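work-v8.txt follows; it contains compact mmCIF, C-alpha atoms.
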# COMPACT_ATOMS: atom_id res chain seq x y z
CA MET G 1 -21.16 -1.23 -56.44
CA LEU G 2 -18.47 -3.24 -58.19
CA ALA G 3 -20.49 -6.42 -57.61
CA LYS G 4 -23.72 -4.77 -58.75
CA HIS G 5 -22.38 -3.55 -62.06
CA GLY G 6 -19.91 -6.34 -62.85
CA ASP G 7 -17.88 -5.65 -65.96
CA ASP G 8 -19.51 -2.24 -66.39
CA ALA G 9 -17.75 -0.88 -63.34
CA ARG G 10 -14.11 -0.22 -62.51
CA ALA G 11 -12.47 1.01 -59.32
CA LEU G 12 -10.92 4.48 -59.67
CA GLY G 13 -7.81 5.38 -57.68
CA GLY G 14 -5.91 8.44 -58.80
CA GLY G 15 -7.23 8.13 -62.32
CA THR G 16 -4.02 8.88 -64.20
CA THR G 17 -4.32 5.65 -66.14
CA LEU G 18 -8.04 4.99 -66.30
CA ILE G 19 -9.22 8.51 -67.17
CA ILE G 20 -6.62 8.88 -69.90
CA LEU G 21 -7.43 5.48 -71.42
CA MET G 22 -11.12 6.35 -71.35
CA LYS G 23 -10.46 9.72 -73.01
CA GLN G 24 -8.53 7.87 -75.71
CA ARG G 25 -11.46 5.46 -76.11
CA ALA G 26 -9.17 2.54 -75.34
CA LEU G 27 -11.42 1.53 -72.45
CA TYR G 28 -14.93 2.38 -71.43
CA TYR G 29 -16.71 1.89 -68.12
CA PRO G 30 -20.18 3.33 -67.58
CA TYR G 31 -19.51 3.25 -63.83
CA LEU G 32 -16.40 4.37 -62.00
CA VAL G 33 -16.26 3.61 -58.30
CA ASP G 34 -14.44 6.44 -56.54
CA LEU G 35 -12.06 4.89 -54.01
CA GLN G 36 -11.14 8.31 -52.64
CA THR G 37 -14.42 8.21 -50.70
CA ILE G 38 -13.09 5.33 -48.57
CA PRO G 39 -11.37 6.69 -45.48
CA GLY G 40 -8.10 5.32 -44.15
CA LEU G 41 -6.49 4.15 -47.38
CA ASN G 42 -4.03 7.02 -47.71
CA GLU G 43 -1.68 6.47 -44.79
CA ILE G 44 1.95 5.44 -44.55
CA LYS G 45 2.42 3.51 -41.30
CA ASN G 46 5.57 2.34 -39.59
CA GLU G 47 4.96 -1.13 -38.16
CA ALA G 48 7.21 -3.34 -36.06
CA ASP G 49 8.28 -5.45 -39.04
CA GLY G 50 8.04 -3.01 -41.90
CA VAL G 51 6.06 -0.19 -43.48
CA ARG G 52 2.45 -0.39 -44.60
CA VAL G 53 1.44 1.93 -47.44
CA GLY G 54 -2.26 2.48 -48.10
CA ALA G 55 -3.49 1.93 -51.65
CA LEU G 56 -4.52 5.55 -52.09
CA VAL G 57 -1.19 7.00 -50.98
CA THR G 58 -0.03 9.10 -53.93
CA HIS G 59 3.32 8.61 -55.63
CA ARG G 60 4.29 12.09 -54.42
CA MET G 61 3.56 11.13 -50.82
CA VAL G 62 5.90 8.16 -51.20
CA GLU G 63 8.52 10.34 -52.89
CA LEU G 64 8.50 12.82 -50.01
CA SER G 65 7.94 10.39 -47.13
CA PRO G 66 10.68 10.52 -44.48
CA VAL G 67 9.50 7.11 -43.23
CA ILE G 68 10.00 5.44 -46.60
CA ARG G 69 13.20 7.35 -47.36
CA GLN G 70 14.66 6.11 -44.09
CA ALA G 71 13.57 2.50 -44.48
CA PHE G 72 13.72 1.94 -48.26
CA PRO G 73 15.42 4.75 -50.22
CA VAL G 74 15.17 2.53 -53.31
CA VAL G 75 11.36 2.79 -53.15
CA VAL G 76 11.56 6.60 -53.06
CA GLU G 77 13.89 6.38 -56.07
CA ALA G 78 11.44 4.26 -58.07
CA PHE G 79 8.36 6.38 -57.35
CA SER G 80 10.16 9.69 -57.89
CA HIS G 81 10.74 9.03 -61.61
CA ILE G 82 7.16 8.26 -62.56
CA GLY G 83 5.67 10.71 -65.06
CA ASN G 84 5.83 14.26 -63.83
CA VAL G 85 5.00 15.99 -60.56
CA ARG G 86 1.33 16.41 -61.49
CA VAL G 87 0.98 12.71 -62.26
CA ARG G 88 2.73 11.86 -58.98
CA GLU G 89 0.40 14.18 -57.02
CA THR G 90 -2.57 12.25 -58.41
CA ALA G 91 -1.60 8.63 -59.09
CA SER G 92 -2.01 6.06 -56.32
CA VAL G 93 0.26 3.23 -55.19
CA GLY G 94 -2.61 0.74 -55.41
CA GLY G 95 -3.67 1.91 -58.83
CA ASN G 96 -0.11 1.56 -60.09
CA LEU G 97 0.14 -2.09 -59.03
CA ALA G 98 -3.41 -2.99 -60.02
CA HIS G 99 -2.75 -1.61 -63.50
CA ALA G 100 -0.05 -4.28 -63.89
CA ASP G 101 1.62 -2.66 -66.86
CA TYR G 102 4.86 -4.45 -67.73
CA ARG G 103 6.96 -1.27 -67.64
CA LEU G 104 6.02 0.12 -64.23
CA ASP G 105 8.83 1.45 -62.03
CA PRO G 106 7.64 0.44 -58.52
CA PRO G 107 7.23 -3.34 -58.98
CA PRO G 108 10.93 -4.28 -59.45
CA PRO G 109 12.15 -2.76 -56.16
CA LEU G 110 9.00 -3.84 -54.35
CA LEU G 111 9.53 -7.38 -55.64
CA VAL G 112 13.14 -7.64 -54.46
CA LEU G 113 12.09 -6.32 -51.05
CA GLY G 114 9.57 -9.13 -50.58
CA THR G 115 6.50 -6.90 -50.62
CA GLU G 116 3.01 -8.25 -49.90
CA VAL G 117 -0.27 -6.68 -50.96
CA SER G 118 -3.54 -6.84 -49.05
CA ALA G 119 -6.72 -7.37 -51.01
CA PHE G 120 -10.22 -6.88 -49.65
CA GLY G 121 -13.34 -8.22 -51.28
CA PRO G 122 -16.62 -10.04 -50.80
CA ASN G 123 -14.79 -12.92 -49.07
CA GLY G 124 -12.89 -10.66 -46.72
CA ARG G 125 -9.23 -9.75 -46.56
CA ARG G 126 -6.29 -11.73 -47.89
CA VAL G 127 -2.57 -11.22 -48.34
CA ILE G 128 -0.89 -11.86 -51.67
CA ALA G 129 2.87 -11.90 -52.15
CA LEU G 130 3.71 -9.39 -54.84
CA LYS G 131 5.66 -12.07 -56.70
CA ASN G 132 2.35 -13.93 -57.14
CA PHE G 133 0.33 -10.81 -57.88
CA PHE G 134 1.14 -10.14 -61.54
CA ARG G 135 -0.54 -12.84 -63.60
CA GLY G 136 -0.18 -11.51 -67.12
CA MET G 137 -0.29 -8.38 -69.22
CA TYR G 138 -2.60 -6.03 -67.27
CA GLU G 139 -3.82 -9.00 -65.26
CA THR G 140 -3.49 -9.41 -61.51
CA ALA G 141 -4.47 -11.92 -58.86
CA LEU G 142 -7.35 -9.68 -57.78
CA GLU G 143 -10.71 -11.46 -58.06
CA PRO G 144 -13.80 -9.61 -59.31
CA GLY G 145 -14.99 -7.27 -56.58
CA GLU G 146 -11.62 -7.28 -54.80
CA LEU G 147 -9.70 -4.12 -54.13
CA LEU G 148 -6.03 -3.69 -53.37
CA VAL G 149 -6.09 -1.89 -50.02
CA ASP G 150 -2.47 -1.69 -48.92
CA VAL G 151 1.08 -2.78 -49.56
CA LYS G 152 3.39 -4.07 -46.82
CA ILE G 153 7.15 -3.72 -47.30
CA PRO G 154 9.06 -5.80 -44.74
CA THR G 155 12.02 -4.24 -42.96
CA MET G 156 15.30 -4.78 -44.80
CA PRO G 157 17.90 -6.79 -42.89
CA ALA G 158 20.69 -4.63 -41.48
CA ASN G 159 23.27 -6.10 -43.86
CA GLY G 160 20.99 -5.63 -46.87
CA GLN G 161 21.22 -3.10 -49.67
CA ALA G 162 18.91 -2.38 -52.56
CA VAL G 163 19.25 -0.45 -55.79
CA TYR G 164 16.93 0.50 -58.66
CA LEU G 165 18.29 1.46 -62.05
CA ARG G 166 15.98 2.83 -64.67
CA PHE G 167 16.82 3.20 -68.36
CA SER G 168 14.85 5.54 -70.61
CA THR G 169 15.25 5.74 -74.36
CA LEU G 170 12.74 8.48 -75.10
CA SER G 171 11.95 11.69 -73.22
CA ALA G 172 12.43 12.59 -69.59
CA ASN G 173 9.03 11.80 -68.12
CA ASP G 174 8.29 8.79 -70.28
CA TRP G 175 7.88 5.12 -69.36
CA PRO G 176 11.25 3.43 -68.97
CA CYS G 177 12.61 1.10 -71.65
CA LEU G 178 13.50 -1.17 -68.75
CA GLY G 179 14.25 -1.12 -65.04
CA VAL G 180 16.41 -3.32 -62.87
CA ALA G 181 16.10 -3.68 -59.10
CA GLY G 182 18.63 -5.56 -57.03
CA PHE G 183 18.86 -6.55 -53.40
CA MET G 184 21.90 -8.08 -51.75
CA THR G 185 22.96 -9.15 -48.30
CA LYS G 186 26.65 -9.65 -47.65
CA GLU G 187 28.59 -11.37 -44.92
CA ASN G 188 32.37 -11.28 -44.54
CA GLY G 189 32.71 -9.74 -47.96
CA ARG G 190 30.81 -12.56 -49.64
CA CYS G 191 27.36 -12.37 -51.12
CA LYS G 192 24.81 -14.16 -48.97
CA GLU G 193 21.69 -13.50 -50.96
CA LEU G 194 21.01 -11.77 -54.27
CA ARG G 195 17.58 -10.88 -55.60
CA LEU G 196 16.91 -9.30 -58.97
CA ALA G 197 13.71 -8.04 -60.57
CA LEU G 198 13.23 -6.45 -63.97
CA GLY G 199 10.52 -4.29 -65.49
CA GLY G 200 9.82 -3.78 -69.18
CA VAL G 201 11.29 -7.08 -70.40
CA ALA G 202 8.47 -9.56 -69.96
CA ALA G 203 4.67 -9.60 -69.96
CA THR G 204 4.80 -8.63 -66.28
CA PRO G 205 7.37 -7.22 -63.85
CA LEU G 206 9.63 -10.19 -63.24
CA LEU G 207 11.38 -11.51 -60.13
CA ILE G 208 14.31 -13.65 -61.24
CA ASP G 209 14.28 -17.26 -59.99
CA GLY G 210 17.12 -19.54 -59.06
CA LEU G 211 19.76 -17.11 -57.81
CA ASP G 212 20.68 -19.28 -54.79
CA PHE G 213 23.87 -20.43 -56.46
CA VAL G 214 25.55 -17.07 -55.74
CA MET G 215 25.52 -17.69 -51.98
CA ASP G 216 29.01 -17.51 -50.45
CA GLN G 217 30.58 -17.11 -53.87
CA PRO G 218 32.94 -14.28 -54.75
CA LEU G 219 31.18 -11.89 -57.12
CA ASP G 220 33.69 -12.11 -59.94
CA ASP G 221 33.05 -11.72 -63.66
CA GLY G 222 32.49 -15.45 -64.05
CA LEU G 223 29.72 -15.50 -61.49
CA ILE G 224 28.15 -12.34 -62.87
CA ASP G 225 28.13 -13.92 -66.33
CA LYS G 226 26.24 -16.89 -64.96
CA VAL G 227 23.70 -14.51 -63.43
CA LEU G 228 23.34 -12.63 -66.73
CA THR G 229 22.76 -15.89 -68.59
CA LEU G 230 20.08 -16.87 -66.10
CA VAL G 231 18.37 -13.49 -66.47
CA ASP G 232 18.52 -13.75 -70.25
CA VAL G 233 16.77 -17.12 -70.15
CA GLN G 234 13.95 -15.84 -67.94
CA ILE G 235 13.13 -12.52 -69.60
CA SER G 236 11.01 -12.31 -72.73
CA PRO G 237 11.17 -8.73 -74.00
CA SER G 238 8.98 -7.64 -76.88
CA SER G 239 9.91 -5.00 -79.38
CA ASP G 240 8.06 -1.78 -78.68
CA LEU G 241 8.41 1.96 -79.09
CA ARG G 242 11.26 2.06 -76.58
CA GLY G 243 13.45 -0.70 -77.93
CA SER G 244 13.62 -3.81 -80.02
CA GLU G 245 13.77 -7.22 -78.41
CA TRP G 246 17.46 -7.53 -79.32
CA TYR G 247 18.23 -4.10 -77.87
CA LYS G 248 16.40 -4.73 -74.62
CA ARG G 249 18.22 -8.04 -74.11
CA ARG G 250 21.55 -6.29 -74.59
CA VAL G 251 20.70 -3.37 -72.31
CA ALA G 252 19.17 -5.62 -69.65
CA LYS G 253 22.54 -7.35 -69.29
CA VAL G 254 24.31 -4.02 -68.94
CA PHE G 255 21.98 -2.81 -66.23
CA VAL G 256 21.86 -6.08 -64.30
CA LYS G 257 25.65 -6.05 -64.23
CA ARG G 258 25.65 -2.41 -63.07
CA ALA G 259 23.15 -3.19 -60.35
CA ILE G 260 25.23 -6.08 -59.03
CA GLU G 261 28.40 -3.98 -59.12
CA GLN G 262 26.69 -1.15 -57.25
CA LEU G 263 25.39 -3.53 -54.61
CA ASN G 264 28.81 -5.12 -54.32
CA GLY G 265 30.33 -1.72 -53.76
CA SER G 266 32.66 -1.66 -56.71
CA MET A 1 -25.15 11.23 -64.89
CA LYS A 2 -25.43 14.76 -63.55
CA ARG A 3 -24.42 15.78 -60.07
CA ASP A 4 -24.10 18.96 -58.02
CA LEU A 5 -20.58 20.00 -57.29
CA THR A 6 -19.58 22.46 -54.59
CA PHE A 7 -15.99 23.60 -54.54
CA THR A 8 -13.87 26.70 -54.07
CA ILE A 9 -12.46 28.33 -57.19
CA ASN A 10 -9.94 31.13 -56.76
CA GLY A 11 -11.26 31.82 -53.29
CA ARG A 12 -14.95 31.76 -54.20
CA MET A 13 -17.23 28.94 -53.21
CA GLU A 14 -19.38 27.83 -56.13
CA THR A 15 -22.02 25.19 -56.72
CA VAL A 16 -22.57 23.94 -60.25
CA THR A 17 -24.19 20.96 -61.91
CA VAL A 18 -21.71 18.81 -63.79
CA ASP A 19 -21.81 15.62 -65.76
CA ASP A 20 -19.83 12.75 -64.21
CA ALA A 21 -17.72 12.60 -67.37
CA ASP A 22 -16.76 16.29 -67.32
CA THR A 23 -13.11 17.02 -66.75
CA LEU A 24 -11.99 19.82 -64.48
CA LEU A 25 -10.45 21.46 -67.54
CA GLU A 26 -13.79 21.56 -69.33
CA LEU A 27 -15.50 22.93 -66.24
CA LEU A 28 -12.96 25.69 -65.67
CA ARG A 29 -12.81 26.86 -69.28
CA ASP A 30 -16.31 26.24 -70.61
CA ARG A 31 -18.31 27.09 -67.52
CA PHE A 32 -16.14 29.51 -65.59
CA LYS A 33 -14.41 31.09 -68.63
CA LEU A 34 -11.01 30.79 -66.97
CA TRP A 35 -9.03 30.97 -70.17
CA SER A 36 -5.63 30.62 -68.55
CA VAL A 37 -6.30 26.88 -68.28
CA ARG A 38 -5.40 25.42 -71.68
CA GLU A 39 -5.56 22.02 -73.31
CA SER A 40 -2.65 20.80 -75.38
CA CYS A 41 -1.73 17.13 -75.08
CA GLY A 42 -4.82 15.99 -73.20
CA VAL A 43 -2.91 13.29 -71.32
CA GLY A 44 -1.22 15.23 -68.53
CA ALA A 45 2.23 15.35 -70.09
CA CYS A 46 2.56 18.97 -71.27
CA GLY A 47 1.43 20.99 -68.25
CA SER A 48 -0.61 23.63 -70.07
CA CYS A 49 -3.74 22.56 -68.18
CA THR A 50 -2.03 22.77 -64.77
CA VAL A 51 -4.18 24.02 -61.90
CA LEU A 52 -3.54 23.89 -58.17
CA LEU A 53 -5.80 21.55 -56.21
CA ASP A 54 -5.42 22.39 -52.51
CA GLY A 55 -2.14 24.00 -53.52
CA ARG A 56 -0.80 20.94 -55.35
CA PRO A 57 -0.29 20.95 -59.12
CA VAL A 58 -2.53 18.59 -61.05
CA SER A 59 -3.44 18.20 -64.70
CA SER A 60 -7.02 19.39 -65.06
CA CYS A 61 -7.31 17.40 -68.31
CA PHE A 62 -7.19 14.09 -66.46
CA THR A 63 -9.01 15.22 -63.32
CA LEU A 64 -12.73 14.58 -63.23
CA ALA A 65 -14.64 17.74 -62.28
CA ALA A 66 -16.53 15.71 -59.67
CA ARG A 67 -13.27 15.14 -57.83
CA ALA A 68 -12.96 18.86 -57.04
CA ALA A 69 -15.87 18.54 -54.59
CA GLY A 70 -14.94 20.09 -51.26
CA HIS A 71 -11.52 21.16 -52.50
CA GLU A 72 -9.85 24.44 -53.46
CA VAL A 73 -8.89 25.02 -57.05
CA THR A 74 -6.54 27.83 -58.04
CA THR A 75 -5.92 29.01 -61.58
CA LEU A 76 -3.63 31.80 -62.74
CA GLU A 77 -6.56 34.21 -62.49
CA GLY A 78 -6.57 33.51 -58.78
CA LEU A 79 -2.91 34.40 -58.27
CA SER A 80 -2.92 38.05 -59.16
CA ASP A 81 -5.32 40.41 -57.43
CA GLY A 82 -6.70 41.89 -60.65
CA ASP A 83 -4.69 45.12 -60.46
CA SER A 84 -1.12 44.01 -60.07
CA LEU A 85 0.73 40.92 -61.20
CA HIS A 86 1.81 38.20 -58.81
CA TYR A 87 5.58 38.34 -58.34
CA ILE A 88 6.00 35.06 -60.24
CA GLN A 89 4.12 36.49 -63.23
CA ALA A 90 6.25 39.64 -63.00
CA ALA A 91 9.43 37.54 -62.95
CA PHE A 92 8.36 35.69 -66.13
CA LEU A 93 7.69 39.00 -67.89
CA GLU A 94 10.93 40.67 -66.77
CA GLN A 95 13.01 37.64 -67.73
CA ARG A 96 11.22 37.33 -71.10
CA ALA A 97 10.36 33.72 -70.20
CA LEU A 98 7.45 33.58 -72.64
CA GLN A 99 6.54 34.23 -76.27
CA CYS A 100 3.13 32.89 -77.16
CA ALA A 101 2.46 32.33 -73.43
CA TYR A 102 0.30 29.24 -74.02
CA CYS A 103 2.38 27.27 -71.51
CA THR A 104 2.99 30.18 -69.15
CA PRO A 105 0.04 29.79 -66.76
CA GLY A 106 1.06 26.18 -66.22
CA PHE A 107 4.64 27.19 -65.51
CA VAL A 108 3.67 30.04 -63.16
CA LEU A 109 1.36 27.82 -61.12
CA SER A 110 3.98 25.07 -60.99
CA VAL A 111 6.64 27.53 -59.77
CA LYS A 112 4.16 28.71 -57.13
CA ALA A 113 3.54 25.15 -55.96
CA LEU A 114 7.27 24.39 -55.92
CA LEU A 115 8.23 27.46 -53.89
CA ASP A 116 5.36 26.86 -51.46
CA GLU A 117 6.68 23.36 -50.85
CA ASN A 118 10.40 24.11 -51.01
CA PRO A 119 11.43 27.78 -50.68
CA ASP A 120 15.06 27.10 -51.47
CA PRO A 121 15.33 24.64 -54.36
CA SER A 122 18.52 23.96 -56.29
CA ASP A 123 18.64 24.48 -60.06
CA GLU A 124 18.39 20.72 -60.44
CA GLN A 125 15.33 20.57 -58.23
CA ILE A 126 13.65 23.40 -60.15
CA CYS A 127 14.36 21.69 -63.48
CA GLU A 128 13.14 18.35 -62.16
CA TYR A 129 9.93 19.87 -60.78
CA LEU A 130 9.24 21.75 -64.03
CA SER A 131 10.20 18.82 -66.27
CA GLY A 132 6.52 18.13 -66.87
CA ASN A 133 5.88 21.61 -68.30
CA LEU A 134 6.71 21.93 -71.98
CA CYS A 135 7.49 25.17 -73.83
CA ARG A 136 8.07 25.32 -77.56
CA CYS A 137 8.69 29.04 -77.94
CA ALA A 138 10.83 30.70 -75.29
CA GLY A 139 13.18 28.08 -74.01
CA TYR A 140 13.95 26.75 -70.65
CA ALA A 141 16.96 28.87 -69.70
CA ASP A 142 14.74 31.96 -69.52
CA ILE A 143 12.15 30.06 -67.54
CA LEU A 144 14.75 28.78 -65.07
CA ARG A 145 15.98 32.36 -64.63
CA ALA A 146 12.43 33.56 -64.03
CA ALA A 147 11.94 30.85 -61.43
CA ARG A 148 15.15 31.98 -59.71
CA VAL A 149 14.07 35.61 -59.70
CA ALA A 150 10.69 34.56 -58.30
CA GLN A 151 12.43 32.49 -55.66
CA GLY A 152 14.53 35.48 -54.63
CA LYS A 153 11.42 37.61 -54.38
CA ALA A 154 9.64 34.94 -52.31
CA LEU A 155 12.56 34.67 -49.90
CA SER A 156 12.78 38.44 -49.46
CA LEU A 157 9.02 38.64 -48.88
CA ALA A 158 9.43 36.01 -46.20
CA GLY A 159 12.11 38.22 -44.65
CA LYS A 160 14.86 35.71 -45.19
CA ARG A 161 17.18 37.89 -47.26
If you took the structure in this file and wrote it as structure tokens, what would it be?
Amino acid sequence: MLAKHGDDARALGGGTTLIILMKQRALYYPYLVDLQTIPGLNEIKNEADGVRVGALVTHRMVELSPVIRQAFPVVVEAFSHIGNVRVRETASVGGNLAHADYRLDPPPPLLVLGTEVSAFGPNGRRVIALKNFFRGMYETALEPGELLVDVKIPTMPANGQAVYLRFSTLSANDWPCLGVAGFMTKENGRCKELRLALGGVAATPLLIDGLDFVMDQPLDDGLIDKVLTLVDVQISPSSDLRGSEWYKRRVAKVFVKRAIEQLNGS
Amino acid sequence: MKRDLTFTINGRMETVTVDDADTLLELLRDRFKLWSVRESCGVGACGSCTVLLDGRPVSSCFTLAARAAGHEVTTLEGLSDGDSLHYIQAAFLEQRALQCAYCTPGFVLSVKALLDENPDPSDEQICEYLSGNLCRCAGYADILRAARVAQGKALSLAGKR
């Protein structure tokens, strides 16, 4: 159906984004392809090397899932703050990622956990690393006719910890101003690996590059400052309703520092 | 495009013809005259259009009517039996947790869904669950109290107190 109608058709997951944008006349599609008719896309499966979450799993299912809470509490944290309970009962994991809004809560923690998405289309199935999935504002690596069918989160190493910090400047259930996800593995009290991802401060959710220099270094203020400088170079926040560019840069530093300190156990 | 829709509304199975673009809110109010379902923000943020879909709270303003096919929809009219109030409605009245009552059906249904899922929520959990229901008249302290009274009633009905 998507192939038949081309640009006139759009895949419909939960509908919390698409239906609202269509009601507001921001978008219009004469044809909506109801993905809820496809069986098997709404399961959360424990696999040997991680957890696979179907694209039509709702945010609420993630929020309440004992499997995900056990394996990745940071993912539960991220999904549990989206909108309100009615939005979370309706919105889908796949729809969230395919929307590719720059402020979304799930991408930062999913990025630091090394998540991969599976796409299925006319040329069959392929796996795309989430870090290569967001191509631009509302633009993903999905080709025309391709659907996001599931998300695979690899098992965290035993010495790994993850955190997601979300900062809101407006009301309770609103989009965040920004979000920071961190992942760290430690050995003998030293940081082995640090990963950081930020939402709301670039055209897409952003995985920070070039953090290898922290390996085996003590996480003192000097090192953290170097990390903050690196983050500041890579982000490109725009002024919007939830903060000016200047403000977001300042707050991003605060929250990246907090994330590192939490991971480091201070 | 028009399509036939068969679904259960407040315990009754119904078949109607809807337009693909109809929202569940429009169907419930305009066709079924279920006035407890209200529109306010139109984008799912305020909760006044809350209905239960298979027992789960959803915003009928952003739910396509066609998506109710084969499912059970409950509105406030489906909670009471027509002669006496549901104990959650009674709790809201006793605790004066309403003034204009525009938001009240949404709150009552949300409290129902919450207690069905979690019979013993903390104050924080109640407030978090109801954070998507907005009231501009009464105020949330009264509503929290009403939810607590309703919770007590639910627990005693279940024989746990």
task: Compare A:Arg38, A:Lys153, A:Arg67, A:Arg3 by their minimum atom-to-atom distance to Leu12 in chain G, counting all atoms listed in the file, and give me the closest one.
output: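 Result for the nearest residue to Leu12 in chain G: A:Arg67.
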message: Set the distance at 7 Å and use all atoms listed in the file: which residues neighbour range 182-188 of chain G once local chain neighbours fewer than 2 positions away are removed? I'd like the list as a count of residues only.
response: 19
- prompt: Could you list, as a PyMOL selection string, every residue of chain A that has an atom within 12 Å of an atom of chain G, counting only C-alpha atoms?
  reply: chain A and resi 1+20-24+41-70+106-107+109-111+113-114+117-118+125-134
Take the residues from that selection and put them in a file with C-alpha atoms, as an mmCIF file, in the coordinates of the input.
data_model
loop_
_atom_site.group_PDB
_atom_site.id
_atom_site.type_symbol
_atom_site.label_atom_id
_atom_site.label_comp_id
_atom_site.auth_asym_id
_atom_site.auth_seq_id
_atom_site.Cartn_x
_atom_site.Cartn_y
_atom_site.Cartn_z
ATOM 1 C CA MET A 1 -25.150 11.230 -64.890
ATOM 2 C CA ASP A 20 -19.830 12.750 -64.210
ATOM 3 C CA ALA A 21 -17.720 12.600 -67.370
ATOM 4 C CA ASP A 22 -16.760 16.290 -67.320
ATOM 5 C CA THR A 23 -13.110 17.020 -66.750
ATOM 6 C CA LEU A 24 -11.990 19.820 -64.480
ATOM 7 C CA CYS A 41 -1.730 17.130 -75.080
ATOM 8 C CA GLY A 42 -4.820 15.990 -73.200
ATOM 9 C CA VAL A 43 -2.910 13.290 -71.320
ATOM 10 C CA GLY A 44 -1.220 15.230 -68.530
ATOM 11 C CA ALA A 45 2.230 15.350 -70.090
ATOM 12 C CA CYS A 46 2.560 18.970 -71.270
ATOM 13 C CA GLY A 47 1.430 20.990 -68.250
ATOM 14 C CA SER A 48 -0.610 23.630 -70.070
ATOM 15 C CA CYS A 49 -3.740 22.560 -68.180
ATOM 16 C CA THR A 50 -2.030 22.770 -64.770
ATOM 17 C CA VAL A 51 -4.180 24.020 -61.900
ATOM 18 C CA LEU A 52 -3.540 23.890 -58.170
ATOM 19 C CA LEU A 53 -5.800 21.550 -56.210
ATOM 20 C CA ASP A 54 -5.420 22.390 -52.510
ATOM 21 C CA GLY A 55 -2.140 24.000 -53.520
ATOM 22 C CA ARG A 56 -0.800 20.940 -55.350
ATOM 23 C CA PRO A 57 -0.290 20.950 -59.120
ATOM 24 C CA VAL A 58 -2.530 18.590 -61.050
ATOM 25 C CA SER A 59 -3.440 18.200 -64.700
ATOM 26 C CA SER A 60 -7.020 19.390 -65.060
ATOM 27 C CA CYS A 61 -7.310 17.400 -68.310
ATOM 28 C CA PHE A 62 -7.190 14.090 -66.460
ATOM 29 C CA THR A 63 -9.010 15.220 -63.320
ATOM 30 C CA LEU A 64 -12.730 14.580 -63.230
ATOM 31 C CA ALA A 65 -14.640 17.740 -62.280
ATOM 32 C CA ALA A 66 -16.530 15.710 -59.670
ATOM 33 C CA ARG A 67 -13.270 15.140 -57.830
ATOM 34 C CA ALA A 68 -12.960 18.860 -57.040
ATOM 35 C CA ALA A 69 -15.870 18.540 -54.590
ATOM 36 C CA GLY A 70 -14.940 20.090 -51.260
ATOM 37 C CA GLY A 106 1.060 26.180 -66.220
ATOM 38 C CA PHE A 107 4.640 27.190 -65.510
ATOM 39 C CA LEU A 109 1.360 27.820 -61.120
ATOM 40 C CA SER A 110 3.980 25.070 -60.990
ATOM 41 C CA VAL A 111 6.640 27.530 -59.770
ATOM 42 C CA ALA A 113 3.540 25.150 -55.960
ATOM 43 C CA LEU A 114 7.270 24.390 -55.920
ATOM 44 C CA GLU A 117 6.680 23.360 -50.850
ATOM 45 C CA ASN A 118 10.400 24.110 -51.010
ATOM 46 C CA GLN A 125 15.330 20.570 -58.230
ATOM 47 C CA ILE A 126 13.650 23.400 -60.150
ATOM 48 C CA CYS A 127 14.360 21.690 -63.480
ATOM 49 C CA GLU A 128 13.140 18.350 -62.160
ATOM 50 C CA TYR A 129 9.930 19.870 -60.780
ATOM 51 C CA LEU A 130 9.240 21.750 -64.030
ATOM 52 C CA SER A 131 10.200 18.820 -66.270
ATOM 53 C CA GLY A 132 6.520 18.130 -66.870
ATOM 54 C CA ASN A 133 5.880 21.610 -68.300
ATOM 55 C CA LEU A 134 6.710 21.930 -71.980
#
- prompt: Taking all atoms listed in the file into account, which of G:Gly94, G:Gly189, G:Gly199, G:Gly243 comes nearest Leu142 in chain G?
  reply: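 Of G:Gly94, G:Gly189, G:Gly199, G:Gly243, the one nearest Leu142 in chain G is G:Gly94, counting all atoms listed in the file.
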message: Please compute the CA of Tyr140 in chain A-CA of Gln95 in chain A distance, one decimal, in Å.
response: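 Here the two named atoms are 11.3 Å from each other.
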Between CA of Ile224 in chain G and CA of Gln262 in chain G, distance in Å (one decimal):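 One can read the CA of Ile224 in chain G to CA of Gln262 in chain G distance as 12.6 Å.
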Excluding Phe133 in chain G and its own-chain neighbours fewer than 3 positions away, which residues fall within 9 Å of it when counting all atoms listed in the file? Please give them as a PDB file with C-alpha atoms, in the frame of the given file.
ATOM      1  CA  LEU G  97       0.140  -2.090 -59.030  1.00  0.00           C
ATOM      2  CA  ALA G  98      -3.410  -2.990 -60.020  1.00  0.00           C
ATOM      3  CA  ALA G 100      -0.050  -4.280 -63.890  1.00  0.00           C
ATOM      4  CA  GLU G 116       3.010  -8.250 -49.900  1.00  0.00           C
ATOM      5  CA  VAL G 117      -0.270  -6.680 -50.960  1.00  0.00           C
ATOM      6  CA  ILE G 128      -0.890 -11.860 -51.670  1.00  0.00           C
ATOM      7  CA  ALA G 129       2.870 -11.900 -52.150  1.00  0.00           C
ATOM      8  CA  LEU G 130       3.710  -9.390 -54.840  1.00  0.00           C
ATOM      9  CA  GLU G 139      -3.820  -9.000 -65.260  1.00  0.00           C
ATOM     10  CA  THR G 140      -3.490  -9.410 -61.510  1.00  0.00           C
ATOM     11  CA  ALA G 141      -4.470 -11.920 -58.860  1.00  0.00           C
ATOM     12  CA  LEU G 142      -7.350  -9.680 -57.780  1.00  0.00           C
TER      13      LEU G 142
END
query: Leaving out Asn10 in chain A and any residue of its chain fewer than 4 positions from it, which residues lie within 7 Å of it when counting only C-alpha atoms, given as a VMD selection string?
result: chain A and resid 73 to 75 78
field: Separation of CA of Thr6 in chain A from CA of Lys33 in chain A in Å
entry: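 Taking CA of Lys33 in chain A and CA of Thr6 in chain A, their separation equals 17.3 Å.
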